[in-house]
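Chemist: Sharing a structure below in structure tokens format, with a few things to ask.
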Amino acid sequence: LKSSLIPNWHRRGLLVDPPRARLRQILQKLTVDPHKPPALVYVSCFTEVFLEDSRALFQLGYRLKSLEGVDQFPHSPHCEWIGLFVFDPG
């Protein structure tokens, strides 16, 4: 995450579509940064990775506001997940 390239990134939302490697760098940045983006849209085709990162986001004060499954490949069991997380530490 190169936050220096995104002006006022902590006031905007983030759109993330991580590989199987998860959100490691972004989660590290969010852990130490006191100014967290108000929303994070998470796109994932790996359910297990989405669940693991969701747990980490919950610990950082994000709540899952909505979740949608998108069947991009109707002839396969594959599903793309799109989750909207909002920052709500209370």
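Following the order of the structure tokens, first chain is A, next is B, and so on, with residues numbered from 1 inside each chain and ligands from 1 in the order they appear.
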Can you pull out the residues contacting range 23-28 of chain A? Cut-off 9 Å, using only C-alpha atoms, and skip same-chain residues under 4 positions away; I want them as number ranges by chain.
Modeler: A: 1, 16-19, 32-33, 49, 53, 56-57, 60
Chemist: Can you write just those residues out, C-alpha atoms, as a tab-separated table (two decimals), in the first residue's frame?
Modeler:
chain	number	residue	atom	x	y	z
A	1	LEU	CA	0.00	0.00	0.00
A	16	VAL	CA	-9.05	-4.15	-2.58
A	17	ASP	CA	-8.85	-7.36	-4.62
A	18	PRO	CA	-6.02	-9.32	-3.03
A	19	PRO	CA	-4.50	-12.56	-4.29
A	32	VAL	CA	-0.48	1.33	12.90
A	33	ASP	CA	-2.27	4.20	11.19
A	49	VAL	CA	-8.86	-15.80	2.37
A	53	ASP	CA	-9.03	-11.12	6.30
A	56	ALA	CA	-8.54	-9.21	10.96
A	57	LEU	CA	-10.70	-6.30	9.76
A	60	LEU	CA	-9.38	-3.32	13.58
Chemist: From the set A:Gln72, A:Thr31, A:Ser44, A:Ser66, which residue has the shortest atom-to-atom contact distance to Leu15 in chain A, counting only C-alpha atoms?
Modeler: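 Among A:Gln72, A:Thr31, A:Ser44, A:Ser66, it is A:Ser44 that comes nearest to Leu15 in chain A.
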Chemist: If we count only C-alpha atoms and set the cut-off at 8 Å, which residues sit around Phe85 in chain A, ignoring sequence neighbours fewer than 2 positions away in its own chain? Please answer as a PyMOL selection string.
Modeler: chain A and resi 39-42+62-66+83+87
Chemist: Given the selection you just returned, output its residues as a file containing N, CA, C and O atoms, formatted as a PDB file, in the first residue's frame.
Modeler:
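Dumped everything to result-v8.pdb:
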ATOM      1  N   ALA A  39     -14.388   3.322   4.723  1.00  0.00           N
ATOM      2  CA  ALA A  39     -14.992   2.157   4.073  1.00  0.00           C
ATOM      3  C   ALA A  39     -13.940   1.388   3.289  1.00  0.00           C
ATOM      4  O   ALA A  39     -12.935   1.950   2.843  1.00  0.00           O
ATOM      5  N   LEU A  40     -14.194   0.103   3.152  1.00  0.00           N
ATOM      6  CA  LEU A  40     -13.298  -0.757   2.411  1.00  0.00           C
ATOM      7  C   LEU A  40     -14.164  -1.750   1.627  1.00  0.00           C
ATOM      8  O   LEU A  40     -14.981  -2.461   2.221  1.00  0.00           O
ATOM      9  N   VAL A  41     -14.034  -1.737   0.311  1.00  0.00           N
ATOM     10  CA  VAL A  41     -14.742  -2.693  -0.535  1.00  0.00           C
ATOM     11  C   VAL A  41     -13.746  -3.796  -0.859  1.00  0.00           C
ATOM     12  O   VAL A  41     -12.679  -3.546  -1.413  1.00  0.00           O
ATOM     13  N   TYR A  42     -14.103  -5.011  -0.473  1.00  0.00           N
ATOM     14  CA  TYR A  42     -13.219  -6.160  -0.601  1.00  0.00           C
ATOM     15  C   TYR A  42     -13.799  -7.112  -1.648  1.00  0.00           C
ATOM     16  O   TYR A  42     -14.906  -7.596  -1.506  1.00  0.00           O
ATOM     17  N   TYR A  62     -13.590  -2.671  11.837  1.00  0.00           N
ATOM     18  CA  TYR A  62     -14.452  -2.658  10.658  1.00  0.00           C
ATOM     19  C   TYR A  62     -15.595  -3.643  10.846  1.00  0.00           C
ATOM     20  O   TYR A  62     -15.438  -4.692  11.469  1.00  0.00           O
ATOM     21  N   ARG A  63     -16.739  -3.301  10.303  1.00  0.00           N
ATOM     22  CA  ARG A  63     -17.920  -4.160  10.365  1.00  0.00           C
ATOM     23  C   ARG A  63     -18.392  -4.441   8.939  1.00  0.00           C
ATOM     24  O   ARG A  63     -18.370  -3.549   8.090  1.00  0.00           O
ATOM     25  N   LEU A  64     -18.827  -5.667   8.712  1.00  0.00           N
ATOM     26  CA  LEU A  64     -19.324  -6.049   7.401  1.00  0.00           C
ATOM     27  C   LEU A  64     -20.727  -5.495   7.229  1.00  0.00           C
ATOM     28  O   LEU A  64     -21.654  -5.875   7.923  1.00  0.00           O
ATOM     29  N   LYS A  65     -20.880  -4.555   6.325  1.00  0.00           N
ATOM     30  CA  LYS A  65     -22.159  -3.888   6.089  1.00  0.00           C
ATOM     31  C   LYS A  65     -22.996  -4.645   5.058  1.00  0.00           C
ATOM     32  O   LYS A  65     -24.208  -4.736   5.185  1.00  0.00           O
ATOM     33  N   SER A  66     -22.339  -5.179   4.025  1.00  0.00           N
ATOM     34  CA  SER A  66     -23.066  -5.966   3.028  1.00  0.00           C
ATOM     35  C   SER A  66     -22.108  -6.954   2.377  1.00  0.00           C
ATOM     36  O   SER A  66     -20.890  -6.747   2.344  1.00  0.00           O
ATOM     37  N   GLY A  83     -17.561  -7.624  -0.518  1.00  0.00           N
ATOM     38  CA  GLY A  83     -17.996  -7.220   0.815  1.00  0.00           C
ATOM     39  C   GLY A  83     -17.725  -5.746   1.051  1.00  0.00           C
ATOM     40  O   GLY A  83     -16.666  -5.240   0.647  1.00  0.00           O
ATOM     41  N   PHE A  87     -15.834   1.347   8.837  1.00  0.00           N
ATOM     42  CA  PHE A  87     -15.115   1.508  10.101  1.00  0.00           C
ATOM     43  C   PHE A  87     -16.081   1.970  11.168  1.00  0.00           C
ATOM     44  O   PHE A  87     -16.731   3.000  11.025  1.00  0.00           O
TER      45      PHE A  87
END
Chemist: Range 11-50 of chain A: which residues are alpha helix (DSSP H) by DSSP, as a list in words?
Modeler: Arg24, Gln25, Ile26, Leu27, Gln28, Lys29, Leu30, Thr31, Val32, Thr47, Glu48, Val49 and Phe50 of chain A
Chemist: For the residues selected in the previous step, produce a file with N, CA and C atoms as a PDB file, in the first residue's frame.
Modeler:
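New file again01.pdb:
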ATOM      1  N   ARG A  24      -2.052  -8.688   3.740  1.00  0.00           N
ATOM      2  CA  ARG A  24      -0.992  -8.513   4.745  1.00  0.00           C
ATOM      3  C   ARG A  24      -0.493  -7.068   4.848  1.00  0.00           C
ATOM      4  N   GLN A  25      -0.072  -6.489   3.728  1.00  0.00           N
ATOM      5  CA  GLN A  25       0.505  -5.136   3.773  1.00  0.00           C
ATOM      6  C   GLN A  25      -0.531  -4.094   4.183  1.00  0.00           C
ATOM      7  N   ILE A  26      -1.732  -4.206   3.672  1.00  0.00           N
ATOM      8  CA  ILE A  26      -2.775  -3.238   4.012  1.00  0.00           C
ATOM      9  C   ILE A  26      -3.164  -3.370   5.478  1.00  0.00           C
ATOM     10  N   LEU A  27      -3.285  -4.607   5.966  1.00  0.00           N
ATOM     11  CA  LEU A  27      -3.630  -4.808   7.378  1.00  0.00           C
ATOM     12  C   LEU A  27      -2.545  -4.262   8.297  1.00  0.00           C
ATOM     13  N   GLN A  28      -1.285  -4.420   7.915  1.00  0.00           N
ATOM     14  CA  GLN A  28      -0.186  -3.853   8.708  1.00  0.00           C
ATOM     15  C   GLN A  28      -0.297  -2.336   8.764  1.00  0.00           C
ATOM     16  N   LYS A  29      -0.586  -1.723   7.621  1.00  0.00           N
ATOM     17  CA  LYS A  29      -0.719  -0.262   7.552  1.00  0.00           C
ATOM     18  C   LYS A  29      -1.907   0.205   8.393  1.00  0.00           C
ATOM     19  N   LEU A  30      -3.042  -0.502   8.298  1.00  0.00           N
ATOM     20  CA  LEU A  30      -4.224  -0.113   9.067  1.00  0.00           C
ATOM     21  C   LEU A  30      -4.021  -0.303  10.558  1.00  0.00           C
ATOM     22  N   THR A  31      -3.194  -1.248  10.947  1.00  0.00           N
ATOM     23  CA  THR A  31      -2.932  -1.511  12.367  1.00  0.00           C
ATOM     24  C   THR A  31      -2.210  -0.340  13.019  1.00  0.00           C
ATOM     25  N   VAL A  32      -1.278   0.266  12.312  1.00  0.00           N
ATOM     26  CA  VAL A  32      -0.476   1.329  12.905  1.00  0.00           C
ATOM     27  C   VAL A  32      -0.979   2.734  12.600  1.00  0.00           C
ATOM     28  N   THR A  47     -12.779 -17.780  -0.888  1.00  0.00           N
ATOM     29  CA  THR A  47     -13.622 -17.663   0.303  1.00  0.00           C
ATOM     30  C   THR A  47     -12.808 -17.740   1.587  1.00  0.00           C
ATOM     31  N   GLU A  48     -11.868 -18.669   1.671  1.00  0.00           N
ATOM     32  CA  GLU A  48     -11.080 -18.853   2.884  1.00  0.00           C
ATOM     33  C   GLU A  48     -10.258 -17.608   3.210  1.00  0.00           C
ATOM     34  N   VAL A  49      -9.659 -17.014   2.177  1.00  0.00           N
ATOM     35  CA  VAL A  49      -8.865 -15.798   2.369  1.00  0.00           C
ATOM     36  C   VAL A  49      -9.766 -14.645   2.794  1.00  0.00           C
ATOM     37  N   PHE A  50     -10.928 -14.548   2.186  1.00  0.00           N
ATOM     38  CA  PHE A  50     -11.888 -13.502   2.557  1.00  0.00           C
ATOM     39  C   PHE A  50     -12.258 -13.625   4.039  1.00  0.00           C
TER      40      PHE A  50
END
Chemist: Using only C-alpha atoms, can you tell me which of A:Leu14, A:Pro37, A:Gln59, A:Ser76 comes closest to Gly90 in chain A?
Modeler: A:Gln59
Chemist: With DSSP run on the backbone, what are the strand (DSSP E or B) residues within chain A? I'd like them as an MDAnalysis selection string.
Modeler: chainID A and resid 14:16 39:44 62:70 80:87
Chemist: Return the single residue from A:Ala21, A:Leu51, A:Val86, A:Cys45 that is closest to Asp71 in chain A, with distances computed using only C-alpha atoms.
Modeler: A:Cys45
Chemist: So how many Å separate CA of Asp88 in chain A and CA of His35 in chain A, to one decimal?
Modeler: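 CA of His35 in chain A lies at a distance of 12.4 Å from CA of Asp88 in chain A.
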Chemist: Please, what distance in Å, to one decimal, runs between CA of Leu84 in chain A and CA of Arg55 in chain A?
Modeler: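 The value is 13.8 Å.
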Chemist: Please determine, counting only C-alpha atoms, which residue among A:Glu68, A:His78, A:Phe73, A:Arg12 has the shortest atom-to-atom distance to Val43 in chain A.
Modeler: A:Glu68
